[in-house]
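Structure first, then comments.
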Amino acid sequence: MGKAYRLGEIAERFGGELAGDPDIVVDQIASLESAGPANITFLSKPQYAPLLKSTRAGAVILPAQGYVEISIPRIRCDDPYLYFAKVSSLFNEIPEVKPGIHPSVIVHRKAIVSSLAQISAGCVVAAYARIDEGAVIGPGCVLEERSHIGEHTRLVARVSVYQGAKVGKRCLIHAGVVIGSDGFGFALERGQWLKIPQIGSCQIGDDVEIGANSTIDRGALDDTVIEDGVKLDNQIQIGHNVYIGAHTAIAGCVGIAGSAKIGAHCTIGGGAVILGHLSIGDHVHISAGTLVAKSIKKPGTYTGIFPTDEHRNWLKNAVQLRHLDSLADRISELEKKERYK
Amino acid sequence: MGKAYRLGEIAERFGGELAGDPDIVVDQIASLESAGPANITFLSKPQYAPLLKSTRAGAVILPAQGYVEISIPRIRCDDPYLYFAKVSSLFNEIPEVKPGIHPSVIVHRKAIVSSLAQISAGCVVAAYARIDEGAVIGPGCVLEERSHIGEHTRLVARVSVYQGAKVGKRCLIHAGVVIGSDGFGFALERGQWLKIPQIGSCQIGDDVEIGANSTIDRGALDDTVIEDGVKLDNQIQIGHNVYIGAHTAIAGCVGIAGSAKIGAHCTIGGGAVILGHLSIGDHVHISAGTLVAKSIKKPGTYTGIFPTDEHRNWLKNAVQLRHLDSLADRISELEKKERYK
Amino acid sequence: MGKAYRLGEIAERFGGELAGDPDIVVDQIASLESAGPANITFLSKPQYAPLLKSTRAGAVILPAQGYVEISIPRIRCDDPYLYFAKVSSLFNEIPEVKPGIHPSVIVHRKAIVSSLAQISAGCVVAAYARIDEGAVIGPGCVLEERSHIGEHTRLVARVSVYQGAKVGKRCLIHAGVVIGSDGFGFALERGQWLKIPQIGSCQIGDDVEIGANSTIDRGALDDTVIEDGVKLDNQIQIGHNVYIGAHTAIAGCVGIAGSAKIGAHCTIGGGAVILGHLSIGDHVHISAGTLVAKSIKKPGTYTGIFPTDEHRNWLKNAVQLRHLDSLADRISELEKKERYK
C-alpha cells in the first residue's frame with residue numbers, strides 16, 4: 001500500500017536512539033498483537049510490556065526509560081505514542097488530490113472553484129461558493145451560497161455547508177457534518193414561538209477536524225467561531241455563537257449550548273453538556289458525562305457524574321438522595337444536642 | 001442585502017414608543033457591540049445596559065421601563081426581545097421560492113409535485129410522494145413513497161423522509177434530518193432479536209422546526225405525532241409512537257424514548273433523556289441533562305443533575321454517595337440512642 | 001396492501017391454541033384501540049386487558065394463561081409479543097429487490113456489483129467497492145473504495161460507508177448512518193494535536209440493524225467489530241476499536257468510547273455513555289442515562305442516574321451533595337462521642 005522505510009531512515013527523520021539492525025525495512029505500523037515482520041509497532045503504556053515477548057513485529061518503538069529484554073530492532077524515544085503518530089503519518093499519507101470537477105456535479109456559474117480543487121460526484125455548489133486550491137469535496141456534499149472551503153481542506157462525503165459559512169485550511173470534515181445551520185432562537189409571543197432569523201455566520205479555523213454527523217450552528221447575530229487546531233469527534237452539537245479556543249479537543253456526543261465560550265487547550269469528555277452563556281477558561285478538562293452549569297475560570301479537571309452501581313444498591317442510595325437535605329438537618333440537630341449536654 | 005426602513009415605519013408596524021429622529025433609516029439588526037450606523041440594535045437584559053454607551057448603532061430597541069441616558073433614536077416596548085425578533089424578520093425575509101424542478105432531480109412519474117414547488121438539484125422523489133405549493137426541497141433530499149410535504153415547508157438539504165411520513169405547512173427542516181425511520185422494536189426469541197415491522201407513520205404538524213441531523217421514528221403500529229408549532233433543536237432523537245404537544249420546544253441532543261407523551265407548551269433542556277411509555281403534562285420544564293424516569297403531571301420545573309465540582313472534591317463526595325443508605329441508617333441509630341437517654 | 005390470511009393458517013404456521021372461527025380473514029396487525037374487523041390485534045401486558053372489551057379487531061393474540069371473557073376469534077400462546085412480531089412479519093414483508101443500477105448512479109468501472117443487487121438513484125460507488133446479491137442500496141448512498149455490502153443487506157438512504165468497511169448479510173442500515181469514519185485519535189505535541197492515521201477497518205456482522213444517523217468509527221490500527229445480530233438504535237456513536245458482542249441491543253443516543261469491549265446479549269439504555277478501554281461482560285444491562293466508568297464483569301443491571309425532582313427540592317439536596325463527605329465525617333464524629341460516653 002504505502003512506501004517502505006529502513007529503520008535507520010525513520011530514526012534519522014524523527015530522532016530517538018536506535019538499537020539493532022538499522023537496515024530492517026518496514027512498510028506499515030501495527031499493534032503489538034497484530035504486527036508482522038514488515039511492521040513497526042510501539043509500546044506506549046507499561047501494562048502492554050508483556051506483549052513484547054510474543055510480538056512478531058520487525059521493529060518496535062520503546063520508551064527511553066525502562067529495561068526491556070528483546071532482540072527486535074528498536075527505537076527508544078521520550079514519547080512513543082507521539083513517535084508512533086509521526087511514523088504512521090509517514091506510511092499513511094493523505095490521498096492525492098485529483099483536481100477537477102466530476103461531470104455529475106451541479107456547479108452554479110457564479111461559484112468560484114479553484115482549478116486545483118477536486119469536486120467529487122453528486123455535489124451541489126451554489127452561487128458565490130468558493131473552493132480553494134487543493135481542497136477535496138467528497139461525494140454528495142452541498143455547499144450553499146457564499147460558503148468558503150479553504151486550501152487543502154477535505155469534506156469526506158455528504159457534508160452540508162450553509163450560506164456564508166467558512167472552513168479554514170487543512171481541515172478534515174467527516175461524512176454527514178452540517179456547518180452553519182440555524183441556531184435555536186425563538187421569542188415567545190402569547191405561548192407560541194416566533195423564529196429569530198439567524199443571520200450570523202460560522203467561522204472555522206485552520207487544521208480543524210470535525211467528526212461524522214456533528215453539527216455547528218451559525219450565529220444569531222454575530223458569528224459562531226471555532227479556532228485553529230480544534231478537534232471535534234462524532235455527533236457533537238455546537239450551538240449558535242459558541243466560541244471554542246484553539247487546540248481544544250472534544251469527544252463524541254458532547255452538546256454545547258448557545259453563546260458558551262470555551263477556552264484554548266481544553267478537553268471535554270464524551271457526552272458532556274455545556275450550558276449556554278457561560279465561560280470556561282483555558283486548560284480546563286471536563287470529565288465525560290458531566291453537565292457544566294456554571295462558568296469555570298481555574299484550570300483543572302471538573303467532574304459531575306453519578307457513580308454507577310448494581311441497580312439495587314443504586315436504588316437504595318438514590319432514595320436517600322431525595323432526603324439528603326433533611327439528613328443534613330438531622331445531623332445538625334444531633335450535634336446541637338451533643339453540644340448542650 | 002435586505003430592505004431598509006425608517007424608524008418611524010418600524011414603530012408604526014410593531015408599536016412601541018418612539019423617541020428621537022423617526023426618519024433615521026436602518027437596514028439590518030445587529031448586536032450592541034457590532035452594530036453600525038445603518039443598524040438597529042436592542043437591549044434585552046439589564047446587564048448589557050453599559051454597552052449602550054459605546055454602541056455605534058443608528059437606533060435601539062429598549063424596555064418600556066428604566067432610565068437610560070442616550071441620545072440614539074429609540075423605541076421603547078414591553079418585550080424588546082420579541083420586538084427584536086419581529087424587526088429581524090422584517091430585514092431578513094425567507095428567500096423567495098423559485099418554482100420548478102432542477103433537471104438533475106429524479107422524480108418518479110407517479111409523484112405529485114405542485115408546479116409552484118421548488119425541487120433543488122440532486123433530489124430523489126419516489127412514487128406517490130406529494131409536494132405541495134410553495135414547498136422548497138433543498139439539494140440532495142430523498143422523499144420516499146407516499147411521503148407528503150405541506151405548503152411552504154422547506155427542507156434545507158440532504159433530508160430523508162421515509163414512506164408515508166407527513167410534514168405539515170410552513171415547517172423548516174434542517175440538513176441531515178431523518179423523518180419516519182423505523183422505530184427500535186424487537187421481540188426476544190431464544191436470545192436473539194426478531195424485528196417487529198414498523199408500520200405506523202410519522203405526522204408532523206404545521207410551523208414545526210427541526211434542527212440539523214435530528215431523527216424522528218415512525219410508529220410501530222399507530223403514528224408518531226409532533227403537533228403544531230413544536231420547535232426541535234439539532235441532534236434530537238424522537239422514538240416511535242412519541243407524542244409531542246403543540247408549541248413545546250426541545251433543545252439539542254435530547255432523546256425521547258418510544259411511546260412517551262409530552263404535553264403542550266413544555267420546554268426540555270439540552271441533553272435531557274425522557275424514558276419511554278411515560279407521560280409529561282402541559283407546561284412542564286425539564287432542565288438540561290435531566291433523565292425523566294417517571295411521569296410528571298404537575299406543571300413546574302424538574303431537575304436531576306449531579307452538581308459539577310473540581311474532580312478531587314467530586315471524588316470524595318461520590319465515594320460517600322455509594323454509602324448514603326448506610327449513612328442514613330447511622331443517623332437513625334444515633335437518633336434512637338439520643339431518644340432513649 | 002399485504003396479503004390476507006385465515007386465522008387457522010396463522011395458528012398452523014406459528015402454533016398456539018385457536019378458539020373461535022378459524023376462517024375469519026385478517027390482512028394486517030393493529031393495536032387494540034385502532035384495530036378494525038380485518039385486523040388481528042394482541043394483548044402483551046395485563047394492564048391493557050380492559051381495552052379488549054371495546055376493540056373492533058377481527059381476531060386477537062392472547063397469553064396462554066388468564067381468564068378473558070371475549071367472543072372474538074383468538075389464539076392463545078406463551079409469548080403474545082413474540083407471536084405478534086411473527087404475524088406482523090407475515091403481513092409486512094420486506095419490499096422486493098428490483099435488481100439493477102439506476103442510470104443516475106456513478107459507479108466506478110472497478111466496482112464489483114452483483115447483477116442481482118439494486119442500486120438506487122444518486123448513489124456513488126467507488127473502485128473495488130463490492131455489493132453482493134440481493135443487496136439494496138437506497139438513494140444518495142456513498143460507498144468508498146473497497147467497502148463491502150453483503151447479501152440482502154439494505155442501506156435505506158444517504159448512508160456513507162468509508163474505505164474498506166464491511167457490512168454483513170441481511171443487515172438494515174437506516175438513513176444518514178456513517179460506517180467507518182476516522183476514530184478520534186491524536187497525539188499531543190507541544191500543546192497541539194497531531195492526527196494519528198486511522199488505518200484499521202470496521203467489520204459489521206450479519207443481521208445487524210443500525211438506526212438513523214448513527215456513526216461507527218473504523219479502528220486506529222486493528223478493527224472495530226460489531227458481531228452478528230446486534231441492534232443499534234438512532235444517533236448512537238461507536239468509537240474506534242470498540243467490540244460489541246452478538247445479539248446486544250443498544251438504545252438511542254448512546255456513546256461508546258474507543259476500545260471499549262461490550263459482551264454478548266447485553267442491553268444498553270438510551271443516552272448511556274460507556275467510557276473507553278473498559279470491558280463489559282455478557283448479559284449485562286445498563287440503565288438509560290448511566291455513565292459506565294469501570295469494567296463490569298458480573299451479569300446484572302447497573303444504574304447511575306441522579307433522581308429527578310421538582311427543581312427546588314433538587315436544589316436543596318444538590319447543595320448538600322457537595323458536602324456529603326463532610327456530612328459523613330460529622331456522623332463519624334457523633335458516633336465516636338456516643339461510643340466514649
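Residues are named by chain letter and number: chains run A, B, ... in the order of the C-alpha cells, numbers start at 1 in each chain, and ligands are numbered from 1 in the order shown.
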Residues within 6 Å of region 252-257 of chain A, only C-alpha atoms, excluding chain neighbours under 2 positions, as a list in words:
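The filter keeps Asp233, Asn234, Gln235, Ile236, Gln237, Ile238, Gly239, Gly270, Gly271, Ala272, Val273, Ile274, Leu275 and Gly276 of chain A.
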Those same residues - C-alpha atoms - I'd like them written as a short mmCIF file (atom, residue, chain, number, x, y, z; two decimals), in the first residue's frame.
```
data_model
loop_
_atom_site.label_atom_id
_atom_site.label_comp_id
_atom_site.auth_asym_id
_atom_site.auth_seq_id
_atom_site.Cartn_x
_atom_site.Cartn_y
_atom_site.Cartn_z
CA ASP A 233 -15.32 13.95 17.50
CA ASN A 234 -18.56 12.49 16.08
CA GLN A 235 -22.12 13.64 16.84
CA ILE A 236 -21.16 16.84 18.62
CA GLN A 237 -23.62 19.71 18.68
CA ILE A 238 -22.30 23.29 18.82
CA GLY A 239 -24.95 25.94 19.36
CA GLY A 270 -17.80 12.25 25.71
CA GLY A 271 -21.44 13.01 26.36
CA ALA A 272 -20.73 16.12 28.44
CA VAL A 273 -23.18 19.03 28.22
CA ILE A 274 -22.07 22.66 28.48
CA LEU A 275 -24.89 25.10 29.16
CA GLY A 276 -25.23 28.37 27.32
#
```
Can you check which parts of chain A lie within 8 Å of chain B? Per residue, the shortest pair of atoms and distance in Å to one decimal, counting only C-alpha atoms, sorted by chain and number, as a Markdown table.
```
| residue | atom | partner | partner_atom | distance |
| --- | --- | --- | --- | --- |
| A:Ile106 | CA | B:Ala121 | CA | 7.1 |
| A:Gly122 | CA | B:Gly122 | CA | 7.0 |
| A:Val124 | CA | B:Ala121 | CA | 6.8 |
| A:Gly140 | CA | B:Gly140 | CA | 7.4 |
| A:Val142 | CA | B:Pro139 | CA | 6.8 |
| A:Arg158 | CA | B:Arg158 | CA | 7.8 |
| A:Ser160 | CA | B:Ala175 | CA | 6.8 |
| A:Gly176 | CA | B:Gly176 | CA | 6.9 |
| A:Val178 | CA | B:Ala175 | CA | 6.7 |
| A:Ser181 | CA | B:Ala212 | CA | 6.6 |
| A:Asp182 | CA | B:Gly211 | CA | 7.6 |
| A:Gly183 | CA | B:Asp233 | CA | 8.0 |
| A:Phe184 | CA | B:Asp233 | CA | 5.9 |
| A:Phe186 | CA | B:Ala85 | CA | 7.6 |
| A:Ala187 | CA | B:Leu82 | CA | 5.2 |
| A:Leu188 | CA | B:Leu82 | CA | 6.9 |
| A:Glu189 | CA | B:Leu82 | CA | 7.1 |
| A:Gly191 | CA | B:His265 | CA | 6.9 |
| A:Gln192 | CA | B:His247 | CA | 5.8 |
| A:Trp193 | CA | B:His247 | CA | 6.9 |
| A:Leu194 | CA | B:Ala85 | CA | 7.1 |
| A:Lys195 | CA | B:Ala85 | CA | 6.9 |
| A:Ile196 | CA | B:Ala85 | CA | 4.9 |
| A:Pro197 | CA | B:Ser89 | CA | 6.1 |
| A:Ile199 | CA | B:Asn92 | CA | 7.9 |
| A:Asn213 | CA | B:Asn213 | CA | 7.0 |
| A:Thr215 | CA | B:Ala212 | CA | 6.7 |
| A:Leu221 | CA | B:Ala30 | CA | 5.9 |
| A:Asp222 | CA | B:Ser31 | CA | 7.1 |
| A:Gln235 | CA | B:Gln235 | CA | 7.7 |
| A:Gln237 | CA | B:Asn234 | CA | 7.0 |
| A:Cys253 | CA | B:Cys253 | CA | 8.0 |
| A:Gly255 | CA | B:Cys253 | CA | 6.5 |
| A:Ala257 | CA | B:Gly270 | CA | 7.4 |
| A:Val273 | CA | B:Gly271 | CA | 6.6 |
| A:Leu275 | CA | B:Ala288 | CA | 7.8 |
| A:Thr290 | CA | B:Thr308 | CA | 6.8 |
| A:Leu291 | CA | B:Gly289 | CA | 6.5 |
| A:Val292 | CA | B:Thr308 | CA | 6.4 |
| A:Ala293 | CA | B:Thr308 | CA | 7.8 |
| A:Gly300 | CA | B:Glu310 | CA | 7.3 |
| A:Thr301 | CA | B:His311 | CA | 5.5 |
| A:Tyr302 | CA | B:Glu310 | CA | 4.4 |
| A:Thr303 | CA | B:His311 | CA | 5.1 |
| A:Gly304 | CA | B:Thr308 | CA | 3.9 |
| A:Ile305 | CA | B:Phe306 | CA | 5.7 |
| A:Phe306 | CA | B:Phe306 | CA | 6.2 |
| A:Pro307 | CA | B:Ala318 | CA | 6.4 |
| A:Asp309 | CA | B:Arg322 | CA | 7.9 |
| A:Asn313 | CA | B:Arg322 | CA | 7.9 |
| A:Trp314 | CA | B:Arg322 | CA | 7.5 |
| A:Lys316 | CA | B:Asp325 | CA | 5.9 |
| A:Asn317 | CA | B:Asp325 | CA | 4.9 |
| A:Gln320 | CA | B:Asp325 | CA | 6.0 |
| A:Leu321 | CA | B:Leu324 | CA | 7.3 |
| A:Leu327 | CA | B:Ala328 | CA | 6.9 |
| A:Arg330 | CA | B:Ile331 | CA | 7.4 |
| A:Ile331 | CA | B:Ile331 | CA | 6.9 |
| A:Leu334 | CA | B:Glu335 | CA | 7.1 |
```
Residues from the last selection, C-alpha atoms, saved as an mmCIF file, in the first residue's frame:
```
data_model
loop_
_atom_site.group_PDB
_atom_site.id
_atom_site.type_symbol
_atom_site.label_atom_id
_atom_site.label_comp_id
_atom_site.auth_asym_id
_atom_site.auth_seq_id
_atom_site.Cartn_x
_atom_site.Cartn_y
_atom_site.Cartn_z
ATOM 1 C CA ILE A 106 -24.061 20.845 -10.259
ATOM 2 C CA GLY A 122 -23.037 14.253 -6.812
ATOM 3 C CA VAL A 124 -24.088 20.750 -5.456
ATOM 4 C CA GLY A 140 -22.732 14.189 -2.198
ATOM 5 C CA VAL A 142 -23.881 20.581 -0.616
ATOM 6 C CA ARG A 158 -22.435 14.223 2.290
ATOM 7 C CA SER A 160 -23.673 20.405 4.202
ATOM 8 C CA GLY A 176 -22.761 13.862 7.451
ATOM 9 C CA VAL A 178 -23.637 20.129 8.983
ATOM 10 C CA SER A 181 -27.336 25.503 10.308
ATOM 11 C CA ASP A 182 -29.739 27.879 12.056
ATOM 12 C CA GLY A 183 -29.228 28.369 15.778
ATOM 13 C CA PHE A 184 -32.146 27.559 18.070
ATOM 14 C CA PHE A 186 -37.136 31.940 19.285
ATOM 15 C CA ALA A 187 -39.048 34.639 21.142
ATOM 16 C CA LEU A 188 -42.214 33.719 22.991
ATOM 17 C CA GLU A 189 -45.376 35.542 21.899
ATOM 18 C CA GLY A 191 -47.385 30.917 24.159
ATOM 19 C CA GLN A 192 -46.090 30.472 20.629
ATOM 20 C CA TRP A 193 -42.510 30.588 19.372
ATOM 21 C CA LEU A 194 -41.561 33.314 16.904
ATOM 22 C CA LYS A 195 -38.422 32.464 14.962
ATOM 23 C CA ILE A 196 -35.471 34.828 15.265
ATOM 24 C CA PRO A 197 -33.689 34.885 11.920
ATOM 25 C CA ILE A 199 -28.020 35.934 10.420
ATOM 26 C CA ASN A 213 -22.655 13.758 11.821
ATOM 27 C CA THR A 215 -23.445 19.908 13.688
ATOM 28 C CA LEU A 221 -26.334 37.992 15.025
ATOM 29 C CA ASP A 222 -22.568 37.662 15.442
ATOM 30 C CA GLN A 235 -22.119 13.644 16.844
ATOM 31 C CA GLN A 237 -23.619 19.714 18.680
ATOM 32 C CA CYS A 253 -21.825 13.254 21.701
ATOM 33 C CA GLY A 255 -23.542 19.294 23.368
ATOM 34 C CA ALA A 257 -25.383 25.377 24.158
ATOM 35 C CA VAL A 273 -23.177 19.031 28.220
ATOM 36 C CA LEU A 275 -24.890 25.100 29.158
ATOM 37 C CA THR A 290 -20.522 15.939 33.143
ATOM 38 C CA LEU A 291 -23.015 18.807 32.893
ATOM 39 C CA VAL A 292 -21.412 22.226 33.285
ATOM 40 C CA ALA A 293 -23.959 24.744 34.541
ATOM 41 C CA GLY A 300 -8.111 21.813 36.302
ATOM 42 C CA THR A 301 -10.336 18.795 35.941
ATOM 43 C CA TYR A 302 -14.051 19.054 36.709
ATOM 44 C CA THR A 303 -16.492 16.212 37.171
ATOM 45 C CA GLY A 304 -20.177 15.711 37.932
ATOM 46 C CA ILE A 305 -21.372 12.172 37.329
ATOM 47 C CA PHE A 306 -23.483 9.838 39.408
ATOM 48 C CA PRO A 307 -21.378 6.785 40.313
ATOM 49 C CA ASP A 309 -23.607 0.687 40.847
ATOM 50 C CA ASN A 313 -27.603 -0.630 45.501
ATOM 51 C CA TRP A 314 -28.147 2.415 43.357
ATOM 52 C CA LYS A 316 -31.208 2.372 47.989
ATOM 53 C CA ASN A 317 -28.795 5.278 47.742
ATOM 54 C CA GLN A 320 -31.856 8.603 50.334
ATOM 55 C CA LEU A 321 -30.516 11.263 47.987
ATOM 56 C CA LEU A 327 -30.471 14.095 56.615
ATOM 57 C CA ARG A 330 -30.875 15.686 61.388
ATOM 58 C CA ILE A 331 -27.097 15.630 61.766
ATOM 59 C CA LEU A 334 -27.804 15.673 66.830
#
```
Hey, what does DSSP flag as alpha helix (DSSP H) within region 162-319 of chain A? Can you give it to me as a list in words?
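Alpha helix (DSSP H) assignments inside region 162-319 of chain A correspond to His311, Arg312, Asn313, Trp314, Leu315, Lys316, Asn317, Ala318 and Val319 of chain A.
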For the residues in the current selection, export N, CA and C atoms as a PDB file, in the first residue's frame.
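Writing done, so here's part_22.pdb:
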```pdb
ATOM      1  N   HIS A 311     -27.968  -2.159  40.255  1.00  0.00           N
ATOM      2  CA  HIS A 311     -29.214  -1.418  40.316  1.00  0.00           C
ATOM      3  C   HIS A 311     -29.812  -1.366  41.726  1.00  0.00           C
ATOM      4  N   ARG A 312     -29.781  -2.478  42.463  1.00  0.00           N
ATOM      5  CA  ARG A 312     -30.451  -2.485  43.785  1.00  0.00           C
ATOM      6  C   ARG A 312     -29.688  -1.602  44.777  1.00  0.00           C
ATOM      7  N   ASN A 313     -28.367  -1.540  44.637  1.00  0.00           N
ATOM      8  CA  ASN A 313     -27.603  -0.630  45.501  1.00  0.00           C
ATOM      9  C   ASN A 313     -27.891   0.822  45.127  1.00  0.00           C
ATOM     10  N   TRP A 314     -27.862   1.065  43.830  1.00  0.00           N
ATOM     11  CA  TRP A 314     -28.147   2.415  43.357  1.00  0.00           C
ATOM     12  C   TRP A 314     -29.491   2.894  43.897  1.00  0.00           C
ATOM     13  N   LEU A 315     -30.479   2.002  43.841  1.00  0.00           N
ATOM     14  CA  LEU A 315     -31.832   2.365  44.232  1.00  0.00           C
ATOM     15  C   LEU A 315     -31.875   2.803  45.698  1.00  0.00           C
ATOM     16  N   LYS A 316     -31.214   2.036  46.566  1.00  0.00           N
ATOM     17  CA  LYS A 316     -31.208   2.372  47.989  1.00  0.00           C
ATOM     18  C   LYS A 316     -30.581   3.747  48.227  1.00  0.00           C
ATOM     19  N   ASN A 317     -29.468   4.000  47.551  1.00  0.00           N
ATOM     20  CA  ASN A 317     -28.795   5.278  47.742  1.00  0.00           C
ATOM     21  C   ASN A 317     -29.564   6.437  47.104  1.00  0.00           C
ATOM     22  N   ALA A 318     -30.142   6.157  45.934  1.00  0.00           N
ATOM     23  CA  ALA A 318     -30.881   7.211  45.232  1.00  0.00           C
ATOM     24  C   ALA A 318     -32.098   7.655  46.033  1.00  0.00           C
ATOM     25  N   VAL A 319     -32.735   6.703  46.697  1.00  0.00           N
ATOM     26  CA  VAL A 319     -33.898   7.043  47.527  1.00  0.00           C
ATOM     27  C   VAL A 319     -33.476   8.017  48.629  1.00  0.00           C
TER      28      VAL A 319
END
```
Quick one: pull the distance between CA of Cys171 (chain A) and CA of Ile131 (chain A), Å, one decimal.
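Interatomic distance here is 12.8 Å.
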DSSP-assigned strand (DSSP E or B) members of region 116-305 of chain C, reported as a count of residues only
71
Using only C-alpha atoms, which protein or nucleic acid residues come within 10 Å of Ile262 (chain C)? Drop anything in the same chain fewer than 4 positions from it, and give the result as a PyMOL selection string.
chain C and resi 226+242-246+248+256+266-268+274+278-284+295-296
Those same residues, written as a PDB file, in the first residue's frame with C-alpha atoms?
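Saved file out.pdb follows:
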```pdb
ATOM      1  CA  ILE C 226     -19.920  -5.383  15.600  1.00  0.00           C
ATOM      2  CA  VAL C 242     -14.922  -0.944  20.038  1.00  0.00           C
ATOM      3  CA  TYR C 243     -16.077  -4.560  20.107  1.00  0.00           C
ATOM      4  CA  ILE C 244     -19.788  -5.355  20.537  1.00  0.00           C
ATOM      5  CA  GLY C 245     -20.753  -8.970  21.166  1.00  0.00           C
ATOM      6  CA  ALA C 246     -23.531 -10.809  19.354  1.00  0.00           C
ATOM      7  CA  THR C 248     -26.563  -6.965  22.121  1.00  0.00           C
ATOM      8  CA  ILE C 256     -19.319   4.144  23.370  1.00  0.00           C
ATOM      9  CA  CYS C 266     -26.298  -7.033  26.711  1.00  0.00           C
ATOM     10  CA  THR C 267     -28.779  -4.171  26.632  1.00  0.00           C
ATOM     11  CA  ILE C 268     -27.783  -0.522  26.998  1.00  0.00           C
ATOM     12  CA  ILE C 274     -19.563   3.844  28.089  1.00  0.00           C
ATOM     13  CA  LEU C 278     -13.060  -0.949  29.610  1.00  0.00           C
ATOM     14  CA  SER C 279     -14.780  -4.275  29.394  1.00  0.00           C
ATOM     15  CA  ILE C 280     -18.416  -5.224  29.967  1.00  0.00           C
ATOM     16  CA  GLY C 281     -19.278  -8.904  30.250  1.00  0.00           C
ATOM     17  CA  ASP C 282     -22.113 -10.853  28.643  1.00  0.00           C
ATOM     18  CA  HIS C 283     -25.713 -10.390  29.838  1.00  0.00           C
ATOM     19  CA  VAL C 284     -25.048  -7.004  31.424  1.00  0.00           C
ATOM     20  CA  SER C 295     -15.333  -2.544  33.749  1.00  0.00           C
ATOM     21  CA  ILE C 296     -18.292  -4.740  34.690  1.00  0.00           C
TER      22      ILE C 296
END
```
Shell of 12 Å around Arg109 (chain C), only C-alpha atoms, local chain residues under 5 positions omitted, as a list in words:
Val124, Val125, Ala126, Ala127, Tyr128, Ala129, Arg130 and Glu145 of chain C
Counting only C-alpha atoms, what is within 12 Å of Gln203 (chain C), bar same-chain residues fewer than 4 positions away, as a PDB file with C-alpha atoms, in the first residue's frame?
```pdb
ATOM      1  CA  SER C 147     -16.193  -1.165   1.050  1.00  0.00           C
ATOM      2  CA  HIS C 148     -18.291  -4.314   1.002  1.00  0.00           C
ATOM      3  CA  ILE C 149     -22.056  -4.731   1.371  1.00  0.00           C
ATOM      4  CA  GLY C 150     -23.170  -8.306   1.986  1.00  0.00           C
ATOM      5  CA  VAL C 161     -19.510   3.648   4.000  1.00  0.00           C
ATOM      6  CA  TYR C 162     -15.819   4.551   4.225  1.00  0.00           C
ATOM      7  CA  GLN C 163     -12.857   2.762   2.635  1.00  0.00           C
ATOM      8  CA  GLY C 164     -12.615  -0.904   3.452  1.00  0.00           C
ATOM      9  CA  ALA C 165     -15.584  -1.096   5.824  1.00  0.00           C
ATOM     10  CA  LYS C 166     -17.570  -4.315   5.605  1.00  0.00           C
ATOM     11  CA  VAL C 167     -21.272  -4.829   6.323  1.00  0.00           C
ATOM     12  CA  GLY C 168     -22.501  -8.439   6.590  1.00  0.00           C
ATOM     13  CA  LYS C 169     -25.618 -10.163   5.276  1.00  0.00           C
ATOM     14  CA  ILE C 179     -19.786   3.499   8.838  1.00  0.00           C
ATOM     15  CA  GLY C 180     -16.023   3.505   9.070  1.00  0.00           C
ATOM     16  CA  VAL C 208     -27.314  -6.166  12.293  1.00  0.00           C
ATOM     17  CA  ILE C 216     -19.373   3.782  13.719  1.00  0.00           C
ATOM     18  CA  ASP C 217     -15.687   4.621  13.503  1.00  0.00           C
ATOM     19  CA  ARG C 218     -13.025   2.472  11.903  1.00  0.00           C
ATOM     20  CA  GLY C 219     -10.224   1.187  14.105  1.00  0.00           C
ATOM     21  CA  ASP C 222      -6.935  -3.081  14.369  1.00  0.00           C
ATOM     22  CA  ASP C 223     -10.655  -3.210  13.527  1.00  0.00           C
ATOM     23  CA  THR C 224     -13.873  -2.019  15.096  1.00  0.00           C
ATOM     24  CA  VAL C 225     -16.121  -5.095  15.307  1.00  0.00           C
ATOM     25  CA  ILE C 226     -19.920  -5.383  15.600  1.00  0.00           C
ATOM     26  CA  GLU C 227     -20.930  -9.025  15.886  1.00  0.00           C
ATOM     27  CA  ASP C 228     -23.959 -10.791  14.395  1.00  0.00           C
ATOM     28  CA  HIS C 240     -12.662   3.198  17.178  1.00  0.00           C
ATOM     29  CA  ASN C 241     -11.721  -0.363  18.109  1.00  0.00           C
ATOM     30  CA  VAL C 242     -14.922  -0.944  20.038  1.00  0.00           C
ATOM     31  CA  TYR C 243     -16.077  -4.560  20.107  1.00  0.00           C
ATOM     32  CA  ILE C 244     -19.788  -5.355  20.537  1.00  0.00           C
TER      33      ILE C 244
END
```
